[in-house]
file upload-v4.cif (mmCIF, C-alpha atoms and all ligand atoms)
data_target
loop_
_atom_site.group_PDB
_atom_site.id
_atom_site.type_symbol
_atom_site.label_atom_id
_atom_site.label_comp_id
_atom_site.auth_asym_id
_atom_site.auth_seq_id
_atom_site.Cartn_x
_atom_site.Cartn_y
_atom_site.Cartn_z
ATOM 1 C CA MET A 1 3.709 106.773 -31.395
ATOM 2 C CA LEU A 2 3.772 104.385 -28.473
ATOM 3 C CA LEU A 3 0.010 103.969 -28.769
ATOM 4 C CA ALA A 4 0.311 103.344 -32.508
ATOM 5 C CA SER A 5 2.908 100.621 -32.070
ATOM 6 C CA ALA A 6 0.901 99.034 -29.238
ATOM 7 C CA ALA A 7 -2.149 99.031 -31.530
ATOM 8 C CA SER A 8 -0.199 97.443 -34.368
ATOM 9 C CA LEU A 9 1.042 94.759 -31.979
ATOM 10 C CA LEU A 10 -2.546 94.027 -31.016
ATOM 11 C CA ILE A 11 -3.657 93.892 -34.662
ATOM 12 C CA GLY A 12 -0.733 91.535 -35.349
ATOM 13 C CA ALA A 13 -1.799 89.306 -32.489
ATOM 14 C CA SER A 14 -5.458 89.172 -33.521
ATOM 15 C CA ALA A 15 -4.491 88.261 -37.111
ATOM 16 C CA HIS A 16 -2.958 85.174 -35.528
ATOM 17 C CA ALA A 17 -4.683 82.603 -33.385
ATOM 18 C CA ALA A 18 -4.336 84.507 -30.084
ATOM 19 C CA GLY A 19 -7.043 83.549 -27.648
ATOM 20 C CA LEU A 20 -7.678 80.113 -29.145
ATOM 21 C CA THR A 21 -7.422 76.982 -27.067
ATOM 22 C CA VAL A 22 -6.200 73.876 -28.881
ATOM 23 C CA GLY A 23 -5.960 70.360 -27.463
ATOM 24 C CA PHE A 24 -3.081 68.298 -28.883
ATOM 25 C CA SER A 25 -3.117 64.541 -28.441
ATOM 26 C CA GLN A 26 0.442 63.485 -29.209
ATOM 27 C CA ILE A 27 1.408 59.813 -29.663
ATOM 28 C CA GLY A 28 4.352 59.834 -27.253
ATOM 29 C CA SER A 29 8.101 60.184 -27.661
ATOM 30 C CA GLU A 30 9.077 57.047 -29.535
ATOM 31 C CA SER A 31 11.558 58.780 -31.851
ATOM 32 C CA GLY A 32 13.764 61.824 -32.284
ATOM 33 C CA TRP A 33 11.377 63.027 -34.959
ATOM 34 C CA ARG A 34 8.426 62.797 -32.561
ATOM 35 C CA ALA A 35 10.281 64.825 -29.907
ATOM 36 C CA ALA A 36 10.970 67.490 -32.523
ATOM 37 C CA GLU A 37 7.346 67.576 -33.623
ATOM 38 C CA THR A 38 6.294 68.119 -30.002
ATOM 39 C CA SER A 39 8.771 71.007 -29.528
ATOM 40 C CA VAL A 40 7.808 72.651 -32.817
ATOM 41 C CA THR A 41 4.099 72.422 -31.968
ATOM 42 C CA LYS A 42 4.674 74.038 -28.557
ATOM 43 C CA GLN A 43 6.820 76.785 -30.141
ATOM 44 C CA GLN A 44 4.231 77.464 -32.846
ATOM 45 C CA ALA A 45 1.460 77.697 -30.250
ATOM 46 C CA GLU A 46 3.459 80.099 -28.094
ATOM 47 C CA LYS A 47 4.388 82.289 -31.055
ATOM 48 C CA ARG A 48 0.723 82.594 -32.029
ATOM 49 C CA GLY A 49 -0.656 83.125 -28.540
ATOM 50 C CA VAL A 50 -2.521 79.796 -28.569
ATOM 51 C CA ASP A 51 -3.274 78.084 -25.272
ATOM 52 C CA LEU A 52 -2.076 74.540 -26.094
ATOM 53 C CA LYS A 53 -3.364 71.695 -23.937
ATOM 54 C CA PHE A 54 -0.818 68.931 -24.474
ATOM 55 C CA ALA A 55 -1.480 65.245 -23.784
ATOM 56 C CA ASP A 56 1.171 62.538 -24.245
ATOM 57 C CA ALA A 57 -0.525 59.190 -24.974
ATOM 58 C CA GLN A 58 2.535 57.018 -24.332
ATOM 59 C CA GLN A 59 1.922 55.147 -27.610
ATOM 60 C CA LYS A 60 -1.577 54.014 -26.559
ATOM 61 C CA GLN A 61 -4.703 54.698 -28.607
ATOM 62 C CA GLU A 62 -6.907 54.370 -25.511
ATOM 63 C CA ASN A 63 -4.995 57.287 -23.931
ATOM 64 C CA GLN A 64 -5.522 59.354 -27.080
ATOM 65 C CA ILE A 65 -9.253 58.637 -27.032
ATOM 66 C CA LYS A 66 -9.426 59.655 -23.345
ATOM 67 C CA ALA A 67 -7.488 62.860 -24.042
ATOM 68 C CA ILE A 68 -9.753 63.772 -26.967
ATOM 69 C CA ARG A 69 -12.843 63.214 -24.802
ATOM 70 C CA GLY A 70 -11.248 65.478 -22.180
ATOM 71 C CA PHE A 71 -10.648 68.207 -24.796
ATOM 72 C CA ILE A 72 -14.286 67.935 -25.924
ATOM 73 C CA ALA A 73 -15.462 68.288 -22.320
ATOM 74 C CA GLN A 74 -13.291 71.414 -21.913
ATOM 75 C CA GLY A 75 -14.824 72.925 -25.070
ATOM 76 C CA VAL A 76 -11.516 73.632 -26.840
ATOM 77 C CA ASP A 77 -11.575 75.556 -30.141
ATOM 78 C CA ALA A 78 -9.855 72.738 -32.056
ATOM 79 C CA ILE A 79 -8.251 69.356 -31.549
ATOM 80 C CA PHE A 80 -4.928 68.341 -33.084
ATOM 81 C CA VAL A 81 -4.248 64.606 -33.054
ATOM 82 C CA ALA A 82 -1.380 62.466 -34.316
ATOM 83 C CA PRO A 83 -3.182 59.106 -34.510
ATOM 84 C CA VAL A 84 -0.996 56.235 -33.327
ATOM 85 C CA VAL A 85 -2.846 53.693 -35.499
ATOM 86 C CA ALA A 86 -5.154 54.161 -38.468
ATOM 87 C CA THR A 87 -8.301 52.392 -37.269
ATOM 88 C CA GLY A 88 -10.696 52.844 -34.341
ATOM 89 C CA TRP A 89 -11.354 56.597 -34.441
ATOM 90 C CA GLU A 90 -14.952 56.816 -35.645
ATOM 91 C CA ALA A 91 -16.713 56.988 -32.277
ATOM 92 C CA VAL A 92 -14.540 59.650 -30.639
ATOM 93 C CA LEU A 93 -14.201 61.799 -33.752
ATOM 94 C CA THR A 94 -17.968 61.668 -34.220
ATOM 95 C CA GLU A 95 -18.274 63.041 -30.670
ATOM 96 C CA ALA A 96 -15.919 65.916 -31.608
ATOM 97 C CA LYS A 97 -17.929 66.578 -34.749
ATOM 98 C CA GLU A 98 -21.198 66.637 -32.810
ATOM 99 C CA ALA A 99 -19.604 69.140 -30.416
ATOM 100 C CA ASN A 100 -18.622 71.288 -33.455
ATOM 101 C CA ILE A 101 -14.930 71.035 -32.664
ATOM 102 C CA PRO A 102 -12.734 70.865 -35.764
ATOM 103 C CA VAL A 103 -10.176 68.051 -35.751
ATOM 104 C CA PHE A 104 -6.784 68.381 -37.434
ATOM 105 C CA LEU A 105 -4.788 65.206 -38.084
ATOM 106 C CA LEU A 106 -1.046 65.686 -37.794
ATOM 107 C CA ASP A 107 1.494 63.469 -39.601
ATOM 108 C CA ARG A 108 -0.608 60.284 -39.690
ATOM 109 C CA GLY A 109 -3.876 59.388 -41.380
ATOM 110 C CA ILE A 110 -6.894 57.362 -40.315
ATOM 111 C CA ASP A 111 -9.120 54.773 -41.952
ATOM 112 C CA GLY A 112 -12.552 56.306 -41.725
ATOM 113 C CA PRO A 113 -14.915 58.846 -43.254
ATOM 114 C CA GLU A 114 -13.199 62.083 -44.277
ATOM 115 C CA ASP A 115 -15.923 64.222 -42.736
ATOM 116 C CA LEU A 116 -14.619 63.254 -39.290
ATOM 117 C CA TYR A 117 -11.728 65.690 -39.627
ATOM 118 C CA THR A 118 -11.166 69.125 -41.112
ATOM 119 C CA THR A 119 -7.765 68.530 -42.647
ATOM 120 C CA MET A 120 -4.729 66.279 -42.394
ATOM 121 C CA VAL A 121 -1.239 67.792 -42.454
ATOM 122 C CA ALA A 122 1.099 64.960 -43.404
ATOM 123 C CA SER A 123 3.684 63.791 -45.875
ATOM 124 C CA ASP A 124 2.837 61.530 -48.793
ATOM 125 C CA GLN A 125 3.952 58.394 -46.950
ATOM 126 C CA VAL A 126 3.680 56.124 -49.996
ATOM 127 C CA LEU A 127 5.977 58.541 -51.821
ATOM 128 C CA GLU A 128 8.481 58.428 -48.920
ATOM 129 C CA GLY A 129 8.714 54.638 -49.286
ATOM 130 C CA LYS A 130 9.000 55.015 -53.059
ATOM 131 C CA VAL A 131 11.820 57.552 -52.807
ATOM 132 C CA ALA A 132 13.710 55.177 -50.486
ATOM 133 C CA GLY A 133 13.103 52.213 -52.835
ATOM 134 C CA GLN A 134 14.044 54.170 -55.948
ATOM 135 C CA TRP A 135 17.277 55.204 -54.283
ATOM 136 C CA LEU A 136 18.141 51.512 -53.695
ATOM 137 C CA VAL A 137 17.167 50.487 -57.244
ATOM 138 C CA LYS A 138 19.489 53.157 -58.645
ATOM 139 C CA GLU A 139 22.265 52.334 -56.186
ATOM 140 C CA GLN A 140 22.164 48.603 -57.019
ATOM 141 C CA ALA A 141 22.031 49.201 -60.781
ATOM 142 C CA GLY A 142 20.752 45.681 -61.501
ATOM 143 C CA LYS A 143 22.901 43.849 -58.901
ATOM 144 C CA ASP A 144 21.152 41.321 -56.625
ATOM 145 C CA CYS A 145 20.129 42.623 -53.242
ATOM 146 C CA ASN A 146 18.397 40.981 -50.281
ATOM 147 C CA VAL A 147 16.660 43.605 -48.189
ATOM 148 C CA VAL A 148 15.551 43.413 -44.563
ATOM 149 C CA GLU A 149 12.798 45.806 -43.563
ATOM 150 C CA LEU A 150 12.141 47.369 -40.159
ATOM 151 C CA GLN A 151 8.520 48.428 -40.131
ATOM 152 C CA GLY A 152 7.031 51.186 -38.008
ATOM 153 C CA THR A 153 4.255 50.670 -35.464
ATOM 154 C CA THR A 154 1.895 47.947 -36.669
ATOM 155 C CA GLY A 155 -1.346 49.401 -37.987
ATOM 156 C CA SER A 156 -0.017 52.968 -38.231
ATOM 157 C CA SER A 157 -0.443 54.808 -41.512
ATOM 158 C CA PRO A 158 3.305 55.397 -42.041
ATOM 159 C CA ALA A 159 4.083 51.687 -41.518
ATOM 160 C CA ILE A 160 1.389 50.671 -44.007
ATOM 161 C CA ASN A 161 2.192 53.323 -46.613
ATOM 162 C CA ARG A 162 5.977 53.328 -46.411
ATOM 163 C CA LYS A 163 5.954 49.554 -46.923
ATOM 164 C CA LYS A 164 3.641 49.932 -49.920
ATOM 165 C CA GLY A 165 5.723 52.702 -51.525
ATOM 166 C CA PHE A 166 8.997 50.799 -51.177
ATOM 167 C CA GLU A 167 7.447 47.622 -52.592
ATOM 168 C CA GLU A 168 6.091 49.593 -55.552
ATOM 169 C CA ALA A 169 9.537 51.048 -56.232
ATOM 170 C CA ILE A 170 11.276 47.655 -56.320
ATOM 171 C CA ALA A 171 8.401 45.806 -58.053
ATOM 172 C CA GLY A 172 9.915 46.025 -61.529
ATOM 173 C CA THR A 173 13.379 44.900 -60.367
ATOM 174 C CA SER A 174 13.530 41.147 -59.762
ATOM 175 C CA SER A 175 17.094 41.432 -58.395
ATOM 176 C CA ILE A 176 15.905 43.283 -55.258
ATOM 177 C CA LYS A 177 13.916 41.219 -52.753
ATOM 178 C CA ILE A 178 12.620 41.846 -49.238
ATOM 179 C CA ILE A 179 13.684 38.677 -47.400
ATOM 180 C CA ARG A 180 12.592 39.664 -43.882
ATOM 181 C CA SER A 181 10.202 42.263 -42.548
ATOM 182 C CA GLN A 182 9.210 42.921 -38.942
ATOM 183 C CA THR A 183 8.067 45.802 -36.789
ATOM 184 C CA GLY A 184 10.574 47.753 -34.712
ATOM 185 C CA ASP A 185 7.797 50.041 -33.446
ATOM 186 C CA PHE A 186 9.675 53.182 -34.587
ATOM 187 C CA THR A 187 12.082 52.943 -31.625
ATOM 188 C CA ARG A 188 15.858 52.732 -31.523
ATOM 189 C CA ALA A 189 15.881 49.885 -28.969
ATOM 190 C CA LYS A 190 13.441 47.728 -30.942
ATOM 191 C CA GLY A 191 15.242 48.515 -34.203
ATOM 192 C CA LYS A 192 18.449 47.150 -32.688
ATOM 193 C CA GLU A 193 16.781 44.082 -31.200
ATOM 194 C CA VAL A 194 14.965 43.106 -34.419
ATOM 195 C CA MET A 195 18.086 43.716 -36.523
ATOM 196 C CA GLU A 196 20.032 41.381 -34.226
ATOM 197 C CA GLY A 197 17.457 38.696 -35.033
ATOM 198 C CA PHE A 198 17.721 39.393 -38.788
ATOM 199 C CA LEU A 199 21.515 39.135 -38.637
ATOM 200 C CA LYS A 200 21.414 35.824 -36.757
ATOM 201 C CA ALA A 201 18.836 34.347 -39.120
ATOM 202 C CA GLU A 202 20.734 35.452 -42.230
ATOM 203 C CA ASN A 203 24.167 33.895 -41.814
ATOM 204 C CA GLY A 204 25.462 36.585 -39.476
ATOM 205 C CA GLY A 205 24.269 39.210 -41.952
ATOM 206 C CA LYS A 206 26.198 37.823 -44.937
ATOM 207 C CA ASN A 207 22.936 37.237 -46.852
ATOM 208 C CA ILE A 208 21.788 40.816 -46.311
ATOM 209 C CA CYS A 209 22.621 43.557 -48.785
ATOM 210 C CA ALA A 210 20.461 46.404 -47.475
ATOM 211 C CA LEU A 211 18.298 47.563 -44.594
ATOM 212 C CA TYR A 212 15.175 49.617 -45.216
ATOM 213 C CA ALA A 213 13.921 51.176 -41.955
ATOM 214 C CA HIS A 214 10.639 53.088 -41.757
ATOM 215 C CA ASN A 215 12.379 55.663 -39.559
ATOM 216 C CA ASP A 216 15.880 56.839 -38.726
ATOM 217 C CA ASP A 217 15.737 55.858 -35.062
ATOM 218 C CA MET A 218 15.261 52.190 -35.939
ATOM 219 C CA ALA A 219 18.084 52.553 -38.496
ATOM 220 C CA VAL A 220 20.408 54.011 -35.839
ATOM 221 C CA GLY A 221 19.620 51.067 -33.517
ATOM 222 C CA ALA A 222 20.173 48.621 -36.385
ATOM 223 C CA ILE A 223 23.498 50.252 -37.318
ATOM 224 C CA GLN A 224 24.696 49.480 -33.798
ATOM 225 C CA ALA A 225 23.590 45.844 -34.188
ATOM 226 C CA ILE A 226 25.399 45.563 -37.542
ATOM 227 C CA LYS A 227 28.600 46.911 -35.996
ATOM 228 C CA GLU A 228 28.329 44.517 -33.044
ATOM 229 C CA ALA A 229 27.965 41.653 -35.559
ATOM 230 C CA GLY A 230 31.350 42.635 -37.006
ATOM 231 C CA LEU A 231 30.018 44.111 -40.251
ATOM 232 C CA LYS A 232 30.275 47.614 -41.690
ATOM 233 C CA PRO A 233 26.941 49.424 -41.917
ATOM 234 C CA GLY A 234 26.748 51.561 -45.034
ATOM 235 C CA THR A 235 29.181 49.254 -46.870
ATOM 236 C CA ASP A 236 28.490 45.570 -46.068
ATOM 237 C CA ILE A 237 24.843 46.405 -45.433
ATOM 238 C CA LYS A 238 23.444 49.562 -47.016
ATOM 239 C CA VAL A 239 21.073 51.583 -44.872
ATOM 240 C CA VAL A 240 18.165 53.670 -46.146
ATOM 241 C CA SER A 241 15.535 55.172 -43.853
ATOM 242 C CA ILE A 242 13.055 58.017 -43.355
ATOM 243 C CA ASP A 243 12.859 61.205 -41.201
ATOM 244 C CA ALA A 244 16.209 63.006 -41.647
ATOM 245 C CA VAL A 245 16.847 63.478 -37.908
ATOM 246 C CA PRO A 246 20.245 64.890 -36.851
ATOM 247 C CA ASP A 247 21.691 61.519 -35.736
ATOM 248 C CA ILE A 248 21.270 59.962 -39.171
ATOM 249 C CA PHE A 249 23.345 62.802 -40.632
ATOM 250 C CA LYS A 250 26.160 61.845 -38.254
ATOM 251 C CA ALA A 251 25.816 58.261 -39.518
ATOM 252 C CA LEU A 252 25.782 59.482 -43.135
ATOM 253 C CA ALA A 253 28.925 61.520 -42.486
ATOM 254 C CA ALA A 254 30.616 58.464 -40.932
ATOM 255 C CA GLY A 255 29.662 56.330 -43.962
ATOM 256 C CA GLU A 256 27.420 54.137 -41.759
ATOM 257 C CA ALA A 257 24.127 55.149 -43.388
ATOM 258 C CA ASN A 258 23.484 55.793 -47.069
ATOM 259 C CA ALA A 259 20.236 57.694 -47.540
ATOM 260 C CA THR A 260 17.300 59.229 -45.690
ATOM 261 C CA VAL A 261 14.037 60.842 -46.776
ATOM 262 C CA GLU A 262 13.174 64.028 -44.919
ATOM 263 C CA LEU A 263 9.958 64.433 -42.951
ATOM 264 C CA THR A 264 9.469 67.931 -41.570
ATOM 265 C CA PRO A 265 8.581 68.059 -37.867
ATOM 266 C CA ASN A 266 6.620 71.250 -38.548
ATOM 267 C CA MET A 267 3.147 69.815 -39.032
ATOM 268 C CA ALA A 268 1.642 72.298 -36.568
ATOM 269 C CA GLY A 269 2.566 75.450 -38.520
ATOM 270 C CA PRO A 270 0.357 74.638 -41.529
ATOM 271 C CA ALA A 271 -2.338 73.292 -39.167
ATOM 272 C CA PHE A 272 -2.434 76.550 -37.144
ATOM 273 C CA ASP A 273 -2.484 78.573 -40.404
ATOM 274 C CA ALA A 274 -5.499 76.561 -41.570
ATOM 275 C CA LEU A 275 -7.214 76.898 -38.187
ATOM 276 C CA GLU A 276 -6.689 80.679 -38.130
ATOM 277 C CA LYS A 277 -8.287 81.056 -41.567
ATOM 278 C CA LEU A 278 -11.151 78.788 -40.599
ATOM 279 C CA LYS A 279 -11.863 80.855 -37.473
ATOM 280 C CA LYS A 280 -11.358 84.209 -39.223
ATOM 281 C CA ASP A 281 -13.696 83.866 -42.200
ATOM 282 C CA GLY A 282 -14.755 80.241 -42.411
ATOM 283 C CA THR A 283 -12.197 79.271 -45.075
ATOM 284 C CA VAL A 284 -12.291 75.480 -45.247
ATOM 285 C CA PRO A 285 -8.783 74.049 -45.814
ATOM 286 C CA PRO A 286 -8.066 71.322 -48.373
ATOM 287 C CA LYS A 287 -8.622 67.790 -47.009
ATOM 288 C CA THR A 288 -4.904 67.103 -47.093
ATOM 289 C CA ILE A 289 -1.954 69.456 -46.755
ATOM 290 C CA ILE A 290 1.068 67.568 -48.022
ATOM 291 C CA THR A 291 4.617 68.284 -46.831
ATOM 292 C CA GLU A 292 7.771 67.716 -48.894
ATOM 293 C CA SER A 293 9.770 64.441 -49.045
ATOM 294 C CA LYS A 294 13.392 65.214 -49.860
ATOM 295 C CA LEU A 295 16.118 62.600 -50.291
ATOM 296 C CA TYR A 296 19.513 63.111 -48.631
ATOM 297 C CA THR A 297 22.574 60.937 -49.286
ATOM 298 C CA GLN A 298 26.221 60.958 -48.244
ATOM 299 C CA ALA A 299 26.815 63.406 -51.112
ATOM 300 C CA ASP A 300 24.762 66.142 -49.434
ATOM 301 C CA ASP A 301 27.359 67.409 -46.944
ATOM 302 C CA PRO A 302 25.753 65.557 -44.002
ATOM 303 C CA MET A 303 27.804 67.286 -41.265
ATOM 304 C CA LYS A 304 26.590 70.672 -42.489
ATOM 305 C CA VAL A 305 22.963 69.483 -42.358
ATOM 306 C CA TYR A 306 23.623 67.990 -38.909
ATOM 307 C CA GLU A 307 24.867 71.365 -37.650
ATOM 308 C CA GLU A 308 21.780 73.093 -39.085
ATOM 309 C CA LYS A 309 19.369 70.591 -37.565
ATOM 310 C CA LYS A 310 20.869 69.770 -34.190
ATOM 311 C CA GLY A 311 19.412 72.773 -32.345
ATOM 312 C CA LEU A 312 15.890 72.327 -33.675
ATOM 313 C CA GLY A 313 14.461 70.310 -30.808
ATOM 314 C CA TYR A 314 15.286 66.784 -31.988
HETATM 315 O O1 LIG B 401 4.283 59.501 -38.202
HETATM 316 C C1 LIG B 401 5.586 59.868 -38.430
HETATM 317 C C2 LIG B 401 6.538 58.850 -37.886
HETATM 318 O O2 LIG B 401 6.316 58.660 -36.518
HETATM 319 C C3 LIG B 401 7.999 59.212 -37.978
HETATM 320 O O3 LIG B 401 8.581 58.886 -39.185
HETATM 321 C C4 LIG B 401 8.543 58.365 -36.886
HETATM 322 O O4 LIG B 401 9.861 58.664 -36.534
HETATM 323 C C5 LIG B 401 7.562 58.642 -35.844
HETATM 324 O O5 LIG B 401 7.616 57.875 -34.757
#
call {"tool": "encode", "arguments": {"input": "upload-v4.cif", "output": "structure tokens"}}
result
Amino acid sequence: MLLASAASLLIGASAHAAGLTVGFSQIGSESGWRAAETSVTKQQAEKRGVDLKFADAQQKQENQIKAIRGFIAQGVDAIFVAPVVATGWEAVLTEAKEANIPVFLLDRGIDGPEDLYTTMVASDQVLEGKVAGQWLVKEQAGKDCNVVELQGTTGSSPAINRKKGFEEAIAGTSSIKIIRSQTGDFTRAKGKEVMEGFLKAENGGKNICALYAHNDDMAVGAIQAIKEAGLKPGTDIKVVSIDAVPDIFKALAAGEANATVELTPNMAGPAFDALEKLKKDGTVPPKTIITESKLYTQADDPMKVYEEKKGLGY
């Protein structure tokens, strides 16, 4: 009986990715969401018996390119990469292709030929922006609204696509206008700093009706700036953002944020599933594996969601 259960354990392990070595070039730790994605990826690798080589690029594409070259030299079985910006990947990904190493893009896309990667696990980032914009259109119900926008990292696919989606959502509503838009680089500190500038430039914030932030961390920084300017975030200035990290649920519960669009930090799970199938019998995954984009508002029992999320590695 002992032998039988040991054998079944082994069979279970071999059905997973045990024995594979995967290099993961992560962007850095600019946001709570990013930290969660890193933890989930490490947990998923451990659970599946994958030897994960982790490289933190500290927000620099050149570090990612170096890390990918290192993974190629080590002859890893696959490379996972979360590309910090969309352009500039052709040379290094061609090298991976020539070395027959499949590349999996996690959470961000690239501008370049699709044959340079096996699959991309990501959200529909245009849809995320649209969901945020549609929420504001509904909330305003025809009332005028000047919006300030905190963009993500310049040149990154979420910054480009979330801007596009939001603009599409408000396009048919002449009462809603983006009056200022600047990058906050997806960080809390930059979100606060740029919001301070917006508030100063717009009559202490009196001309601003809503903030649209491409991620929750920038929104949390901006909420602080709004409070320091003597205004009430969530009431004087409505706040809508993307990610659904635990801290935004605290802000939703306190009435200081209004809506967020969820981005799952579990990009690695579907990527490992696809890699396992590819290695097992050559099953080629679809070019994109799209994750869900769910809207949360103050009506969704934010403290309950906070409690559920807070231990998940954010
Ligand atoms: O690419 C996903 C984005 O990157 C997240 O929305 C943001 O928080 C992160 O930095």
call {"tool": "resolve_selection", "arguments": {"input": "upload-v4.cif", "expression": "the PyMOL selection byres (((not hetatm)) within 7 of (chain B and resi 401))", "output": "PDB file with C-alpha atoms, in the frame of the given file"}}
result
ATOM      1  CA  GLU A  30       9.077  57.047 -29.535  1.00  0.00           C
ATOM      2  CA  SER A  31      11.558  58.780 -31.851  1.00  0.00           C
ATOM      3  CA  GLY A  32      13.764  61.824 -32.284  1.00  0.00           C
ATOM      4  CA  TRP A  33      11.377  63.027 -34.959  1.00  0.00           C
ATOM      5  CA  ARG A  34       8.426  62.797 -32.561  1.00  0.00           C
ATOM      6  CA  ASP A 107       1.494  63.469 -39.601  1.00  0.00           C
ATOM      7  CA  ARG A 108      -0.608  60.284 -39.690  1.00  0.00           C
ATOM      8  CA  PRO A 158       3.305  55.397 -42.041  1.00  0.00           C
ATOM      9  CA  PHE A 186       9.675  53.182 -34.587  1.00  0.00           C
ATOM     10  CA  HIS A 214      10.639  53.088 -41.757  1.00  0.00           C
ATOM     11  CA  ASN A 215      12.379  55.663 -39.559  1.00  0.00           C
ATOM     12  CA  ASP A 216      15.880  56.839 -38.726  1.00  0.00           C
ATOM     13  CA  ASP A 217      15.737  55.858 -35.062  1.00  0.00           C
ATOM     14  CA  ILE A 242      13.055  58.017 -43.355  1.00  0.00           C
ATOM     15  CA  ASP A 243      12.859  61.205 -41.201  1.00  0.00           C
ATOM     16  CA  LEU A 263       9.958  64.433 -42.951  1.00  0.00           C
TER      17      LEU A 263
END
call {"tool": "atom_distance", "arguments": {"input": "upload-v4.cif", "atom1": "atom CA of Lys309 of chain A", "atom2": "atom CA of Ala253 of chain A"}}
result
14.1 Å
call {"tool": "closest_residue", "arguments": {"input": "upload-v4.cif", "among": "A:Asp144, A:Glu149, A:Glu193, A:Asp273", "to": "Ile176 of chain A", "atoms": "only C-alpha atoms"}}
result
A:Asp144
call {"tool": "atom_distance", "arguments": {"input": "upload-v4.cif", "atom1": "atom CA of Ala229 of chain A", "atom2": "atom CA of Ala201 of chain A"}}
result
12.2 Å
call {"tool": "resolve_selection", "arguments": {"input": "upload-v4.cif", "expression": "the PyMOL selection byres (((chain A and resi 20) around 10) and not hetatm)", "output": "PyMOL selection string"}}
result
chain A and resi 16-19+21-22+45+48-52+76-78+275-276+279
call {"tool": "atom_distance", "arguments": {"input": "upload-v4.cif", "atom1": "atom CA of Gln44 of chain A", "atom2": "atom CA of Gly269 of chain A"}}
result
6.2 Å
call {"tool": "resolve_selection", "arguments": {"input": "upload-v4.cif", "expression": "the PyMOL selection byres (((chain A and resi 155) around 9) and not hetatm)", "output": "PyMOL selection string"}}
result
chain A and resi 84-87+152-154+156-160
call {"tool": "residues_near_point", "arguments": {"input": "upload-v4.cif", "point": "(3.7, 65.7, -46.7)", "cutoff": "6 Å", "atoms": "only C-alpha atoms", "output": "PyMOL selection string"}}
result
chain A and resi 122-124+290-292
call {"tool": "residues_around", "arguments": {"input": "upload-v4.cif", "residues": "segment 55-59 of chain A", "least_positions_apart": "6", "cutoff": "7 Å", "atoms": "only C-alpha atoms", "output": "ChimeraX atom specification"}}
result
/A:24-28,67,84
call {"tool": "write_last_selection", "arguments": {"input": "upload-v4.cif", "atoms": "C-alpha atoms", "output": "PDB file, in the coordinates of the input"}}
result
ATOM      1  CA  PHE A  24      -3.081  68.298 -28.883  1.00  0.00           C
ATOM      2  CA  SER A  25      -3.117  64.541 -28.441  1.00  0.00           C
ATOM      3  CA  GLN A  26       0.442  63.485 -29.209  1.00  0.00           C
ATOM      4  CA  ILE A  27       1.408  59.813 -29.663  1.00  0.00           C
ATOM      5  CA  GLY A  28       4.352  59.834 -27.253  1.00  0.00           C
ATOM      6  CA  ALA A  67      -7.488  62.860 -24.042  1.00  0.00           C
ATOM      7  CA  VAL A  84      -0.996  56.235 -33.327  1.00  0.00           C
TER       8      VAL A  84
END
call {"tool": "closest_residue", "arguments": {"input": "upload-v4.cif", "among": "A:Glu98, A:Glu308, A:Asp236, A:Asp185", "to": "Lys206 of chain A", "atoms": "all atoms listed in the file"}}
result
A:Asp236
call {"tool": "closest_residue", "arguments": {"input": "upload-v4.cif", "among": "A:Gly221, A:Ile226, A:Ser39, A:Glu46", "to": "Lys200 of chain A", "atoms": "only C-alpha atoms"}}
result
A:Ile226
call {"tool": "build_atoms", "arguments": {"input": "upload-v4.cif", "residues": "segment 206-215 of chain A", "atoms": "N, CA and C atoms", "output": "mmCIF file, in the frame of the given file"}}
result
data_model
loop_
_atom_site.group_PDB
_atom_site.id
_atom_site.type_symbol
_atom_site.label_atom_id
_atom_site.label_comp_id
_atom_site.auth_asym_id
_atom_site.auth_seq_id
_atom_site.Cartn_x
_atom_site.Cartn_y
_atom_site.Cartn_z
ATOM 1 N N LYS A 206 25.531 37.961 -43.624
ATOM 2 C CA LYS A 206 26.198 37.823 -44.937
ATOM 3 C C LYS A 206 25.199 37.735 -46.089
ATOM 4 N N ASN A 207 23.955 37.309 -45.781
ATOM 5 C CA ASN A 207 22.936 37.237 -46.852
ATOM 6 C C ASN A 207 22.220 38.569 -47.062
ATOM 7 N N ILE A 208 22.545 39.553 -46.238
ATOM 8 C CA ILE A 208 21.788 40.816 -46.311
ATOM 9 C C ILE A 208 22.602 41.866 -47.061
ATOM 10 N N CYS A 209 21.939 42.500 -48.017
ATOM 11 C CA CYS A 209 22.621 43.557 -48.785
ATOM 12 C C CYS A 209 22.201 44.939 -48.319
ATOM 13 N N ALA A 210 20.930 45.064 -47.864
ATOM 14 C CA ALA A 210 20.461 46.404 -47.475
ATOM 15 C C ALA A 210 19.397 46.325 -46.393
ATOM 16 N N LEU A 211 19.360 47.394 -45.596
ATOM 17 C CA LEU A 211 18.298 47.563 -44.594
ATOM 18 C C LEU A 211 17.440 48.738 -45.034
ATOM 19 N N TYR A 212 16.117 48.510 -45.026
ATOM 20 C CA TYR A 212 15.175 49.617 -45.216
ATOM 21 C C TYR A 212 14.423 49.779 -43.903
ATOM 22 N N ALA A 213 14.593 50.930 -43.237
ATOM 23 C CA ALA A 213 13.921 51.176 -41.955
ATOM 24 C C ALA A 213 12.899 52.289 -42.150
ATOM 25 N N HIS A 214 11.699 52.091 -41.595
ATOM 26 C CA HIS A 214 10.639 53.088 -41.757
ATOM 27 C C HIS A 214 10.923 54.373 -40.988
ATOM 28 N N ASN A 215 11.916 54.372 -40.104
ATOM 29 C CA ASN A 215 12.379 55.663 -39.559
ATOM 30 C C ASN A 215 13.860 55.584 -39.193
#
